[in-house]
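Notes follow once the structure below has been shown.
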Amino acid sequence: RSKSAGRNCFTVYDEAMSAELEARNTLEGDLRDAIARCQLEVHYQPFVDATSGARRGFEALVRWRHPSRGLIPPDQFIPLAEETGLIVPLGEYVLRRACADAAGWPSDLMVAVNLSPIQFKEAELFEMICAALADSGLSPERLEIEITESVLLERGVENHAFMERLKGIGVELALDDFGTGYSSLSYLTAFPFDKIKIDKSFIRNLTHQPRSSAIISSIVTLARGLDMSVTAEGVETSEEFERLRALGVNFAQGYLFGRPQPVDEIDLDATESSQLDAA
Ligand code: C2E
Ligand code: MG
Ligand code: MG
Ligand code: MG
């Protein structure tokens, strides 16, 4: 290592980079182990019918139970999993777990599972989903697949065909985080979605900003015209929920109705009608 001042800048920079690389490699190794040792947990957050308040299902959200770092949220490891390809076994684990768990719930409850754009590049994705359904015994009508529009940017023809196959067996398709990405309206007509999930950033300040209401009511009108339903995600207050109901949103999800919870902690007998009484 050079001791000259000029070289030193680069040395410091190199060390910072290699420290970052090392931390990343450690995390990657840990994540690989976590998948092998089943340290990933799938938590479930309810969503409700906005009109009746009745619970309609749960979204499966992955967490990592790290031996020393505790429970790690998905935003802190999904990007790494996508970069390293570990999202493929991780995604399969979550889907299989979610189908198996949901198969034990009352049959009027759906389960929604997020798929990463990286998984869409897997040739056997459709077969894997069919196998997860068959092995769990879950009826395909009870499974909803959530994808973000980044999936639609590339491989449009292949992805369209894949989505048609899923619909063909009865699986529902939701466009997640609507409004955050490129949000080309042409995606809505070009791909066979059943549902649009409005990103929670539009729900925040809904009760203070008339502009947010205008956007949501436009999305509702658009969705109706295309025969799709609309979910509002990130609903935290009964004021927001009331506003969303008035705007014609079909489903609502958020802390108001429940946080994501481990499967053995969700109350399968509960109805959310008490939320409506409170609202
Ligand atoms: P998402 O699919 O849009 O999931 C909704 C996120 O919003 C979840 O964060 C949920 O906990 C959070 N949320 C729900 N209600 C509220 C609320 O009322 N207020 C606020 N502030 N937040 C709320 P989470 O669990 O941290 O997941 C973050 C993202 O990670 C997900 O966003 C999804 O894109 C991704 N993700 C989670 N699990 C999986 C998975 O199994 N596979 C893939 N590919 N991605 C996943
Ligand atoms: Mg989602
Ligand atoms: Mg979302
Ligand atoms: Mg999101």
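How things are named: the first chain in the structure tokens is A, the next is B, and so on; residues count from 1 in each chain; ligands count from 1 in the order shown.
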
Taking only C-alpha atoms and all ligand atoms into account, produce a table as a Markdown table in which each residue of chain A with an atom at most 9 Å from an atom of ligand 4 appears once, together with its shortest atom pair and the distance in Å to one decimal, ordered by chain and rising number.
| residue | atom | partner | partner_atom_place_in_ligand_line | distance |
| --- | --- | --- | --- | --- |
| A:Thr148 | CA | ligand 4 | 1 (Mg) | 8.6 |
| A:Asp176 | CA | ligand 4 | 1 (Mg) | 7.0 |
| A:Asp177 | CA | ligand 4 | 1 (Mg) | 5.4 |
| A:Thr180 | CA | ligand 4 | 1 (Mg) | 9.0 |
| A:Asp199 | CA | ligand 4 | 1 (Mg) | 6.8 |
| A:Lys200 | CA | ligand 4 | 1 (Mg) | 7.8 |
| A:Glu233 | CA | ligand 4 | 1 (Mg) | 8.8 |

Running DSSP on the backbone, which parts of stretch 78-252 of chain A land in strand (DSSP E or B), as a short mmCIF file (atom, residue, chain, number, x, y, z; two decimals) with N, CA, C and O atoms, in the first residue's frame?
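Written file, part-v8.cif:
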data_model
loop_
_atom_site.label_atom_id
_atom_site.label_comp_id
_atom_site.auth_asym_id
_atom_site.auth_seq_id
_atom_site.Cartn_x
_atom_site.Cartn_y
_atom_site.Cartn_z
N MET A 110 -58.68 -14.96 -0.03
CA MET A 110 -57.65 -15.01 -1.07
C MET A 110 -56.26 -14.86 -0.44
O MET A 110 -56.14 -14.40 0.69
N VAL A 111 -55.25 -15.21 -1.23
CA VAL A 111 -53.89 -14.85 -0.83
C VAL A 111 -53.21 -14.17 -2.01
O VAL A 111 -53.32 -14.63 -3.15
N ALA A 112 -52.57 -13.02 -1.74
CA ALA A 112 -51.87 -12.28 -2.79
C ALA A 112 -50.37 -12.42 -2.58
O ALA A 112 -49.88 -12.28 -1.46
N VAL A 113 -49.65 -12.73 -3.65
CA VAL A 113 -48.20 -12.94 -3.57
C VAL A 113 -47.50 -12.01 -4.57
O VAL A 113 -47.93 -11.91 -5.72
N ASN A 114 -46.44 -11.35 -4.10
CA ASN A 114 -45.66 -10.45 -4.97
C ASN A 114 -44.65 -11.25 -5.79
O ASN A 114 -43.93 -12.08 -5.26
N LEU A 143 -55.72 -17.50 -5.55
CA LEU A 143 -54.37 -16.90 -5.63
C LEU A 143 -54.40 -15.66 -6.50
O LEU A 143 -54.99 -15.65 -7.59
N GLU A 144 -53.78 -14.59 -5.97
CA GLU A 144 -53.62 -13.37 -6.74
C GLU A 144 -52.12 -13.09 -6.84
O GLU A 144 -51.41 -13.19 -5.86
N ILE A 145 -51.67 -12.78 -8.04
CA ILE A 145 -50.27 -12.45 -8.25
C ILE A 145 -50.15 -10.94 -8.42
O ILE A 145 -50.85 -10.36 -9.24
N GLU A 146 -49.25 -10.33 -7.63
CA GLU A 146 -49.04 -8.89 -7.73
C GLU A 146 -47.73 -8.62 -8.47
O GLU A 146 -46.69 -9.16 -8.10
N ILE A 147 -47.83 -7.80 -9.50
CA ILE A 147 -46.61 -7.43 -10.21
C ILE A 147 -46.56 -5.91 -10.38
O ILE A 147 -47.60 -5.25 -10.41
N THR A 148 -45.35 -5.39 -10.45
CA THR A 148 -45.20 -3.95 -10.68
C THR A 148 -45.00 -3.73 -12.17
O THR A 148 -44.62 -4.64 -12.90
N GLU A 172 -55.72 -14.62 -10.34
CA GLU A 172 -55.97 -13.20 -10.58
C GLU A 172 -54.67 -12.41 -10.64
O GLU A 172 -53.67 -12.80 -10.04
N LEU A 173 -54.72 -11.31 -11.37
CA LEU A 173 -53.52 -10.50 -11.57
C LEU A 173 -53.75 -9.08 -11.10
O LEU A 173 -54.74 -8.44 -11.49
N ALA A 174 -52.83 -8.58 -10.28
CA ALA A 174 -52.93 -7.20 -9.79
C ALA A 174 -51.70 -6.41 -10.19
O ALA A 174 -50.58 -6.91 -10.15
N LEU A 175 -51.93 -5.17 -10.59
CA LEU A 175 -50.84 -4.25 -10.91
C LEU A 175 -50.53 -3.46 -9.64
O LEU A 175 -51.35 -2.67 -9.17
N ASP A 176 -49.35 -3.73 -9.05
CA ASP A 176 -48.99 -3.20 -7.74
C ASP A 176 -48.36 -1.81 -7.86
O ASP A 176 -47.79 -1.46 -8.90
N ASP A 177 -48.44 -1.03 -6.80
CA ASP A 177 -47.78 0.28 -6.70
C ASP A 177 -48.13 1.20 -7.86
O ASP A 177 -47.29 1.95 -8.35
N PHE A 178 -49.38 1.16 -8.28
CA PHE A 178 -49.76 1.95 -9.45
C PHE A 178 -49.58 3.44 -9.15
O PHE A 178 -49.99 3.94 -8.11
N LYS A 195 -56.99 -6.17 -11.33
CA LYS A 195 -57.01 -5.22 -10.21
C LYS A 195 -55.84 -4.24 -10.30
O LYS A 195 -54.76 -4.61 -10.74
N ILE A 196 -56.10 -3.01 -9.89
CA ILE A 196 -55.05 -2.00 -9.79
C ILE A 196 -54.88 -1.67 -8.31
O ILE A 196 -55.86 -1.38 -7.63
N LYS A 197 -53.65 -1.73 -7.83
CA LYS A 197 -53.40 -1.33 -6.45
C LYS A 197 -52.76 0.06 -6.44
O LYS A 197 -51.62 0.23 -6.90
N ILE A 198 -53.50 1.04 -5.94
CA ILE A 198 -52.99 2.42 -5.91
C ILE A 198 -51.95 2.53 -4.81
O ILE A 198 -52.20 2.15 -3.66
N SER A 229 -60.84 -3.91 -10.86
CA SER A 229 -61.16 -3.34 -9.56
C SER A 229 -59.96 -2.56 -9.03
O SER A 229 -58.85 -2.69 -9.55
N VAL A 230 -60.21 -1.78 -7.99
CA VAL A 230 -59.17 -0.91 -7.44
C VAL A 230 -58.98 -1.18 -5.95
O VAL A 230 -59.96 -1.23 -5.20
N THR A 231 -57.73 -1.35 -5.55
CA THR A 231 -57.38 -1.46 -4.13
C THR A 231 -56.59 -0.22 -3.74
O THR A 231 -55.72 0.20 -4.48
N ALA A 232 -56.91 0.35 -2.58
CA ALA A 232 -56.07 1.40 -2.01
C ALA A 232 -55.18 0.77 -0.97
O ALA A 232 -55.66 0.07 -0.08
N PHE A 251 -61.40 -2.13 -2.82
CA PHE A 251 -60.75 -2.83 -1.71
C PHE A 251 -59.79 -1.88 -0.99
O PHE A 251 -59.31 -0.92 -1.60
N ALA A 252 -59.56 -2.17 0.29
CA ALA A 252 -58.63 -1.34 1.05
C ALA A 252 -57.72 -2.23 1.88
O ALA A 252 -58.11 -3.29 2.36
#

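Taking only C-alpha atoms and all ligand atoms into account, the residues that come within 6 Å of ligand 1 are Leu61, Val62, Pro73, Pro74, Asp75, Gly91, Val94, Asn114, Leu115, Ser116, Asp177, Gly234, Val235, Glu236, Gly254, Tyr255 and Pro260 of chain A.
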
Can you tell me, as an MDAnalysis selection string, what residues are no more than 12 Å from A:Ser68 when counting only C-alpha atoms, ignoring any on the same chain fewer than 3 positions away?
-> chainID A and resid 27 30 39 64:65 71:72

Could you write out the selected residues, including N, CA and C atoms, as an mmCIF file, in the first residue's frame?
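Okay, this is what ended up in part_30.cif:
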data_model
loop_
_atom_site.group_PDB
_atom_site.id
_atom_site.type_symbol
_atom_site.label_atom_id
_atom_site.label_comp_id
_atom_site.auth_asym_id
_atom_site.auth_seq_id
_atom_site.Cartn_x
_atom_site.Cartn_y
_atom_site.Cartn_z
ATOM 1 N N LEU A 27 -23.766 -10.343 3.542
ATOM 2 C CA LEU A 27 -25.228 -10.352 3.489
ATOM 3 C C LEU A 27 -25.728 -11.379 2.472
ATOM 4 N N ASP A 30 -25.261 -14.755 3.980
ATOM 5 C CA ASP A 30 -26.285 -14.919 5.020
ATOM 6 C C ASP A 30 -27.651 -15.220 4.416
ATOM 7 N N GLN A 39 -35.012 -19.430 7.328
ATOM 8 C CA GLN A 39 -35.110 -18.278 8.232
ATOM 9 C C GLN A 39 -35.988 -17.177 7.637
ATOM 10 N N TRP A 64 -37.124 -11.484 6.963
ATOM 11 C CA TRP A 64 -35.970 -12.327 7.196
ATOM 12 C C TRP A 64 -35.655 -12.316 8.685
ATOM 13 N N ARG A 65 -35.776 -13.480 9.321
ATOM 14 C CA ARG A 65 -35.470 -13.607 10.749
ATOM 15 C C ARG A 65 -33.963 -13.869 10.849
ATOM 16 N N LEU A 71 -35.453 -9.127 12.929
ATOM 17 C CA LEU A 71 -36.366 -9.229 11.779
ATOM 18 C C LEU A 71 -36.041 -8.132 10.749
ATOM 19 N N ILE A 72 -35.635 -8.539 9.563
ATOM 20 C CA ILE A 72 -35.239 -7.577 8.528
ATOM 21 C C ILE A 72 -36.379 -7.421 7.519
#

So which one's closest to ligand 3, A:Phe126, A:Phe241, A:Phe202, A:Tyr187? Using only C-alpha atoms and all ligand atoms, please.
-> A:Phe202

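Of the listed residues (A:His66, A:Arg96, A:Lys121, A:Arg211), A:His66 comes nearest to A:Asp33; the distances count only C-alpha atoms.
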
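Taking only C-alpha atoms, the non-local environment of A:Glu265 within 12 Å (same-chain residues fewer than 5 positions away omitted) comprises Val42, His43, Tyr44, Gln45, Gly258, Arg259, Pro260 and Ala270 of chain A.
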
Can I get the selection written as an mmCIF file, in the first residue's frame, with N, CA, C and O atoms?
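The resulting file, part.cif, is shown below:
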data_model
loop_
_atom_site.group_PDB
_atom_site.id
_atom_site.type_symbol
_atom_site.label_atom_id
_atom_site.label_comp_id
_atom_site.auth_asym_id
_atom_site.auth_seq_id
_atom_site.Cartn_x
_atom_site.Cartn_y
_atom_site.Cartn_z
ATOM 1 N N VAL A 42 -43.018 -15.671 6.194
ATOM 2 C CA VAL A 42 -44.024 -14.986 5.413
ATOM 3 C C VAL A 42 -45.075 -14.454 6.384
ATOM 4 O O VAL A 42 -45.654 -15.213 7.154
ATOM 5 N N HIS A 43 -45.253 -13.133 6.368
ATOM 6 C CA HIS A 43 -46.284 -12.509 7.194
ATOM 7 C C HIS A 43 -47.464 -12.131 6.298
ATOM 8 O O HIS A 43 -47.319 -12.048 5.084
ATOM 9 N N TYR A 44 -48.622 -11.928 6.934
ATOM 10 C CA TYR A 44 -49.843 -11.717 6.164
ATOM 11 C C TYR A 44 -50.560 -10.457 6.625
ATOM 12 O O TYR A 44 -50.792 -10.266 7.811
ATOM 13 N N GLN A 45 -50.901 -9.615 5.658
ATOM 14 C CA GLN A 45 -51.653 -8.396 5.964
ATOM 15 C C GLN A 45 -53.023 -8.461 5.300
ATOM 16 O O GLN A 45 -53.119 -8.714 4.099
ATOM 17 N N GLY A 258 -55.068 -3.883 9.833
ATOM 18 C CA GLY A 258 -54.133 -4.830 10.419
ATOM 19 C C GLY A 258 -52.756 -4.713 9.798
ATOM 20 O O GLY A 258 -52.622 -4.411 8.622
ATOM 21 N N ARG A 259 -51.746 -4.933 10.625
ATOM 22 C CA ARG A 259 -50.361 -4.965 10.155
ATOM 23 C C ARG A 259 -50.041 -6.361 9.654
ATOM 24 O O ARG A 259 -50.753 -7.300 9.980
ATOM 25 N N PRO A 260 -48.984 -6.488 8.881
ATOM 26 C CA PRO A 260 -48.558 -7.844 8.496
ATOM 27 C C PRO A 260 -48.196 -8.634 9.752
ATOM 28 O O PRO A 260 -47.526 -8.104 10.628
ATOM 29 N N ALA A 270 -62.009 -13.408 12.666
ATOM 30 C CA ALA A 270 -62.369 -11.990 12.777
ATOM 31 C C ALA A 270 -63.020 -11.487 11.503
ATOM 32 O O ALA A 270 -62.644 -11.865 10.407
#

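As for atom CA of A:Ile129 and atom CA of A:Ala50, they are spaced 29.0 Å apart.
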
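Comparing the minimum interatomic distances between A:Asp267 and each of A:Val88, A:Ala81, A:Pro106, A:Glu15, counting only C-alpha atoms, we find that A:Pro106 sits nearest.
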
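Closest approach to ligand 2 from the set A:Ala60, A:Ile266, A:Leu90, A:Val171 is made by A:Ala60, with distances taken over only C-alpha atoms and all ligand atoms.
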
Tell me, as a ChimeraX atom specification, which residues lie within 12 Å of A:Arg245, counting only C-alpha atoms; anything in the same chain fewer than 2 positions away does not count.
-> /A:48-53,213,216-217,220,230-232,235,238-243,247-252,276,279

Output for the residues just chosen: N, CA, C and O atoms as a short mmCIF file (atom, residue, chain, number, x, y, z; two decimals), in the first residue's frame:
data_model
loop_
_atom_site.label_atom_id
_atom_site.label_comp_id
_atom_site.auth_asym_id
_atom_site.auth_seq_id
_atom_site.Cartn_x
_atom_site.Cartn_y
_atom_site.Cartn_z
N VAL A 48 -59.58 -5.62 2.78
CA VAL A 48 -61.03 -5.71 2.99
C VAL A 48 -61.80 -5.18 1.79
O VAL A 48 -61.29 -4.39 1.00
N ASP A 49 -63.03 -5.64 1.69
CA ASP A 49 -63.99 -5.10 0.73
C ASP A 49 -64.39 -3.71 1.24
O ASP A 49 -64.84 -3.58 2.38
N ALA A 50 -64.22 -2.68 0.41
CA ALA A 50 -64.46 -1.32 0.90
C ALA A 50 -65.94 -1.05 1.17
O ALA A 50 -66.27 -0.24 2.02
N THR A 51 -66.82 -1.74 0.47
CA THR A 51 -68.24 -1.50 0.65
C THR A 51 -68.76 -2.13 1.93
O THR A 51 -69.41 -1.48 2.74
N SER A 52 -68.46 -3.42 2.10
CA SER A 52 -69.02 -4.14 3.25
C SER A 52 -68.08 -4.14 4.45
O SER A 52 -68.51 -4.39 5.57
N GLY A 53 -66.81 -3.88 4.21
CA GLY A 53 -65.83 -3.96 5.29
C GLY A 53 -65.38 -5.37 5.58
O GLY A 53 -64.53 -5.60 6.45
N SER A 213 -57.45 13.27 -4.23
CA SER A 213 -58.80 12.74 -4.48
C SER A 213 -59.09 12.70 -5.97
O SER A 213 -59.67 11.74 -6.48
N ILE A 216 -57.27 9.75 -7.52
CA ILE A 216 -57.89 8.47 -7.18
C ILE A 216 -59.22 8.29 -7.91
O ILE A 216 -59.50 7.22 -8.45
N SER A 217 -60.02 9.35 -7.98
CA SER A 217 -61.31 9.16 -8.66
C SER A 217 -61.10 8.93 -10.16
O SER A 217 -61.85 8.19 -10.79
N VAL A 220 -60.23 5.26 -10.47
CA VAL A 220 -61.44 4.45 -10.29
C VAL A 220 -62.27 4.44 -11.57
O VAL A 220 -62.74 3.39 -12.02
N VAL A 230 -60.21 -1.78 -7.99
CA VAL A 230 -59.17 -0.91 -7.44
C VAL A 230 -58.98 -1.18 -5.95
O VAL A 230 -59.96 -1.23 -5.20
N THR A 231 -57.73 -1.35 -5.55
CA THR A 231 -57.38 -1.46 -4.13
C THR A 231 -56.59 -0.22 -3.74
O THR A 231 -55.72 0.20 -4.48
N ALA A 232 -56.91 0.35 -2.58
CA ALA A 232 -56.07 1.40 -2.01
C ALA A 232 -55.18 0.77 -0.97
O ALA A 232 -55.66 0.07 -0.08
N VAL A 235 -53.83 2.31 3.87
CA VAL A 235 -54.91 3.04 4.53
C VAL A 235 -54.69 2.97 6.05
O VAL A 235 -54.67 1.88 6.62
N SER A 238 -59.46 6.05 9.65
CA SER A 238 -60.85 5.86 9.20
C SER A 238 -61.29 7.01 8.30
O SER A 238 -62.14 6.84 7.44
N GLU A 239 -60.69 8.21 8.47
CA GLU A 239 -60.99 9.34 7.58
C GLU A 239 -60.58 8.99 6.15
O GLU A 239 -61.33 9.23 5.19
N GLU A 240 -59.37 8.43 6.01
CA GLU A 240 -58.90 8.02 4.68
C GLU A 240 -59.83 6.97 4.09
O GLU A 240 -60.21 7.05 2.92
N PHE A 241 -60.21 6.01 4.93
CA PHE A 241 -61.07 4.93 4.45
C PHE A 241 -62.42 5.47 3.98
O PHE A 241 -62.91 5.11 2.90
N GLU A 242 -63.00 6.38 4.76
CA GLU A 242 -64.28 6.98 4.37
C GLU A 242 -64.19 7.69 3.03
O GLU A 242 -65.04 7.56 2.16
N ARG A 243 -63.11 8.45 2.87
CA ARG A 243 -62.87 9.20 1.64
C ARG A 243 -62.75 8.24 0.46
O ARG A 243 -63.33 8.45 -0.60
N LEU A 247 -65.01 7.67 -2.90
CA LEU A 247 -64.43 7.79 -4.25
C LEU A 247 -64.65 6.52 -5.08
O LEU A 247 -64.31 6.49 -6.26
N GLY A 248 -65.18 5.48 -4.47
CA GLY A 248 -65.53 4.28 -5.22
C GLY A 248 -64.48 3.19 -5.29
O GLY A 248 -64.57 2.28 -6.12
N VAL A 249 -63.48 3.28 -4.40
CA VAL A 249 -62.46 2.23 -4.35
C VAL A 249 -63.09 0.90 -3.90
O VAL A 249 -63.98 0.90 -3.05
N ASN A 250 -62.68 -0.22 -4.49
CA ASN A 250 -63.30 -1.51 -4.20
C ASN A 250 -62.73 -2.22 -2.97
O ASN A 250 -63.46 -2.86 -2.22
N PHE A 251 -61.40 -2.13 -2.82
CA PHE A 251 -60.75 -2.83 -1.71
C PHE A 251 -59.79 -1.88 -0.99
O PHE A 251 -59.31 -0.92 -1.60
N ALA A 252 -59.56 -2.17 0.29
CA ALA A 252 -58.63 -1.34 1.05
C ALA A 252 -57.72 -2.23 1.88
O ALA A 252 -58.11 -3.29 2.36
N LEU A 276 -66.03 -0.72 10.06
CA LEU A 276 -67.07 0.09 9.42
C LEU A 276 -67.90 0.82 10.46
O LEU A 276 -68.25 1.97 10.30
N ALA A 279 -66.00 3.67 11.66
CA ALA A 279 -65.74 4.74 10.69
C ALA A 279 -66.88 5.74 10.57
O ALA A 279 -68.01 5.43 10.91
#

With a distance cut-off of 10 Å and only C-alpha atoms, select the neighbouring residues of A:Gly137, excluding the residue or stretch itself and same-chain residues fewer than 6 positions from it, and output the selection as number ranges by chain.
-> A: 99-100, 102-104, 131

Could those residues be written to a file, using C-alpha atoms, as a compact mmCIF listing (two decimals), in the first residue's frame?
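The resulting selection.txt:
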# COMPACT_ATOMS: atom_id res chain seq x y z
CA CYS A 99 -50.29 -21.34 -0.98
CA ALA A 100 -49.82 -23.91 1.78
CA ALA A 102 -53.92 -20.17 2.52
CA ALA A 103 -55.08 -23.73 1.78
CA GLY A 104 -55.83 -23.99 5.51
CA ALA A 131 -46.83 -27.02 -8.90

Stretch 162-169 of chain A surroundings by only C-alpha atoms, 9 Å radius, close-in-sequence under 4 positions cut, as a PyMOL selection string | chain A and resi 120+125-126+129-130+140-141+157-158+173+191-193

Would you export the selected residues with all heavy atoms as an mmCIF file, in the first residue's frame, please?
data_model
loop_
_atom_site.group_PDB
_atom_site.id
_atom_site.type_symbol
_atom_site.label_atom_id
_atom_site.label_comp_id
_atom_site.auth_asym_id
_atom_site.auth_seq_id
_atom_site.Cartn_x
_atom_site.Cartn_y
_atom_site.Cartn_z
ATOM 1 N N PHE A 120 -39.793 -13.272 -13.589
ATOM 2 C CA PHE A 120 -40.453 -13.372 -14.889
ATOM 3 C C PHE A 120 -39.531 -13.866 -15.985
ATOM 4 O O PHE A 120 -39.991 -14.303 -17.031
ATOM 5 C CB PHE A 120 -41.041 -12.007 -15.293
ATOM 6 C CG PHE A 120 -42.438 -11.818 -14.792
ATOM 7 C CD1 PHE A 120 -42.675 -11.654 -13.442
ATOM 8 C CD2 PHE A 120 -43.513 -11.824 -15.662
ATOM 9 C CE1 PHE A 120 -43.961 -11.504 -12.964
ATOM 10 C CE2 PHE A 120 -44.805 -11.676 -15.197
ATOM 11 C CZ PHE A 120 -45.027 -11.512 -13.853
ATOM 12 N N LEU A 125 -41.467 -20.493 -14.726
ATOM 13 C CA LEU A 125 -42.273 -19.812 -13.703
ATOM 14 C C LEU A 125 -43.721 -20.307 -13.676
ATOM 15 O O LEU A 125 -44.281 -20.575 -12.613
ATOM 16 C CB LEU A 125 -42.233 -18.294 -13.907
ATOM 17 C CG LEU A 125 -43.039 -17.457 -12.907
ATOM 18 C CD1 LEU A 125 -42.570 -17.693 -11.475
ATOM 19 C CD2 LEU A 125 -42.944 -15.967 -13.248
ATOM 20 N N PHE A 126 -44.326 -20.455 -14.846
ATOM 21 C CA PHE A 126 -45.709 -20.918 -14.891
ATOM 22 C C PHE A 126 -45.840 -22.316 -14.276
ATOM 23 O O PHE A 126 -46.734 -22.573 -13.459
ATOM 24 C CB PHE A 126 -46.229 -20.921 -16.333
ATOM 25 C CG PHE A 126 -47.660 -21.359 -16.448
ATOM 26 C CD1 PHE A 126 -48.698 -20.528 -16.035
ATOM 27 C CD2 PHE A 126 -47.977 -22.616 -16.947
ATOM 28 C CE1 PHE A 126 -50.024 -20.939 -16.117
ATOM 29 C CE2 PHE A 126 -49.302 -23.036 -17.032
ATOM 30 C CZ PHE A 126 -50.324 -22.198 -16.618
ATOM 31 N N ILE A 129 -45.589 -22.192 -10.505
ATOM 32 C CA ILE A 129 -46.837 -21.732 -9.866
ATOM 33 C C ILE A 129 -47.881 -22.860 -9.861
ATOM 34 O O ILE A 129 -48.540 -23.113 -8.848
ATOM 35 C CB ILE A 129 -47.371 -20.458 -10.559
ATOM 36 C CG1 ILE A 129 -46.397 -19.295 -10.330
ATOM 37 C CG2 ILE A 129 -48.773 -20.094 -10.056
ATOM 38 C CD1 ILE A 129 -46.704 -18.035 -11.128
ATOM 39 N N CYS A 130 -47.990 -23.554 -10.984
ATOM 40 C CA CYS A 130 -48.932 -24.686 -11.047
ATOM 41 C C CYS A 130 -48.573 -25.750 -10.019
ATOM 42 O O CYS A 130 -49.459 -26.311 -9.354
ATOM 43 C CB CYS A 130 -48.926 -25.313 -12.445
ATOM 44 S SG CYS A 130 -49.655 -24.239 -13.701
ATOM 45 N N PRO A 140 -56.793 -22.289 -7.672
ATOM 46 C CA PRO A 140 -56.138 -21.163 -8.361
ATOM 47 C C PRO A 140 -56.914 -19.852 -8.231
ATOM 48 O O PRO A 140 -56.315 -18.774 -8.203
ATOM 49 C CB PRO A 140 -56.092 -21.606 -9.829
ATOM 50 C CG PRO A 140 -56.211 -23.083 -9.799
ATOM 51 C CD PRO A 140 -57.009 -23.426 -8.579
ATOM 52 N N GLU A 141 -58.247 -19.940 -8.105
ATOM 53 C CA GLU A 141 -59.074 -18.732 -7.966
ATOM 54 C C GLU A 141 -58.770 -17.974 -6.679
ATOM 55 O O GLU A 141 -59.143 -16.817 -6.540
ATOM 56 C CB GLU A 141 -60.569 -19.086 -7.981
ATOM 57 C CG GLU A 141 -61.102 -19.531 -9.325
ATOM 58 C CD GLU A 141 -60.736 -20.967 -9.677
ATOM 59 O OE1 GLU A 141 -60.408 -21.759 -8.745
ATOM 60 O OE2 GLU A 141 -60.760 -21.300 -10.872
ATOM 61 N N VAL A 157 -44.175 -9.350 -25.050
ATOM 62 C CA VAL A 157 -44.929 -10.439 -25.687
ATOM 63 C C VAL A 157 -44.919 -11.691 -24.810
ATOM 64 O O VAL A 157 -45.966 -12.284 -24.530
ATOM 65 C CB VAL A 157 -44.362 -10.749 -27.098
ATOM 66 C CG1 VAL A 157 -45.061 -11.959 -27.700
ATOM 67 C CG2 VAL A 157 -44.500 -9.538 -28.009
ATOM 68 N N GLU A 158 -43.725 -12.056 -24.324
ATOM 69 C CA GLU A 158 -43.612 -13.243 -23.473
ATOM 70 C C GLU A 158 -44.402 -13.052 -22.176
ATOM 71 O O GLU A 158 -45.102 -13.958 -21.720
ATOM 72 C CB GLU A 158 -42.147 -13.524 -23.093
ATOM 73 C CG GLU A 158 -41.288 -13.999 -24.235
ATOM 74 C CD GLU A 158 -40.519 -12.851 -24.879
ATOM 75 O OE1 GLU A 158 -41.070 -11.719 -24.929
ATOM 76 O OE2 GLU A 158 -39.393 -13.090 -25.335
ATOM 77 N N LEU A 173 -54.721 -11.311 -11.375
ATOM 78 C CA LEU A 173 -53.516 -10.502 -11.575
ATOM 79 C C LEU A 173 -53.751 -9.075 -11.102
ATOM 80 O O LEU A 173 -54.738 -8.439 -11.490
ATOM 81 C CB LEU A 173 -53.150 -10.464 -13.057
ATOM 82 C CG LEU A 173 -52.744 -11.781 -13.691
ATOM 83 C CD1 LEU A 173 -52.600 -11.609 -15.202
ATOM 84 C CD2 LEU A 173 -51.430 -12.269 -13.090
ATOM 85 N N PHE A 191 -52.339 -5.300 -20.991
ATOM 86 C CA PHE A 191 -52.133 -6.493 -20.166
ATOM 87 C C PHE A 191 -53.399 -6.814 -19.381
ATOM 88 O O PHE A 191 -54.122 -5.905 -18.970
ATOM 89 C CB PHE A 191 -50.945 -6.283 -19.222
ATOM 90 C CG PHE A 191 -49.630 -6.193 -19.947
ATOM 91 C CD1 PHE A 191 -49.143 -4.968 -20.373
ATOM 92 C CD2 PHE A 191 -48.902 -7.337 -20.239
ATOM 93 C CE1 PHE A 191 -47.937 -4.871 -21.058
ATOM 94 C CE2 PHE A 191 -47.696 -7.268 -20.925
ATOM 95 C CZ PHE A 191 -47.205 -6.034 -21.341
ATOM 96 N N PRO A 192 -53.644 -8.105 -19.183
ATOM 97 C CA PRO A 192 -54.948 -8.529 -18.623
ATOM 98 C C PRO A 192 -55.045 -8.470 -17.100
ATOM 99 O O PRO A 192 -55.217 -9.492 -16.444
ATOM 100 C CB PRO A 192 -55.056 -9.971 -19.120
ATOM 101 C CG PRO A 192 -53.649 -10.459 -19.173
ATOM 102 C CD PRO A 192 -52.809 -9.263 -19.561
ATOM 103 N N PHE A 193 -54.960 -7.271 -16.532
ATOM 104 C CA PHE A 193 -55.065 -7.165 -15.077
ATOM 105 C C PHE A 193 -56.520 -7.236 -14.610
ATOM 106 O O PHE A 193 -57.427 -6.787 -15.301
ATOM 107 C CB PHE A 193 -54.463 -5.841 -14.596
ATOM 108 C CG PHE A 193 -52.975 -5.799 -14.716
ATOM 109 C CD1 PHE A 193 -52.373 -5.080 -15.737
ATOM 110 C CD2 PHE A 193 -52.175 -6.508 -13.838
ATOM 111 C CE1 PHE A 193 -50.991 -5.055 -15.858
ATOM 112 C CE2 PHE A 193 -50.799 -6.489 -13.955
ATOM 113 C CZ PHE A 193 -50.202 -5.764 -14.974
#

Interatomic distance, atom CA of A:Ile118 to atom CA of A:Tyr182 (Å, one decimal) = 18.0 Å

So how many Å separate atom CA of A:Gly225 and atom CA of A:Asp194, to one decimal?
-> 12.1 Å
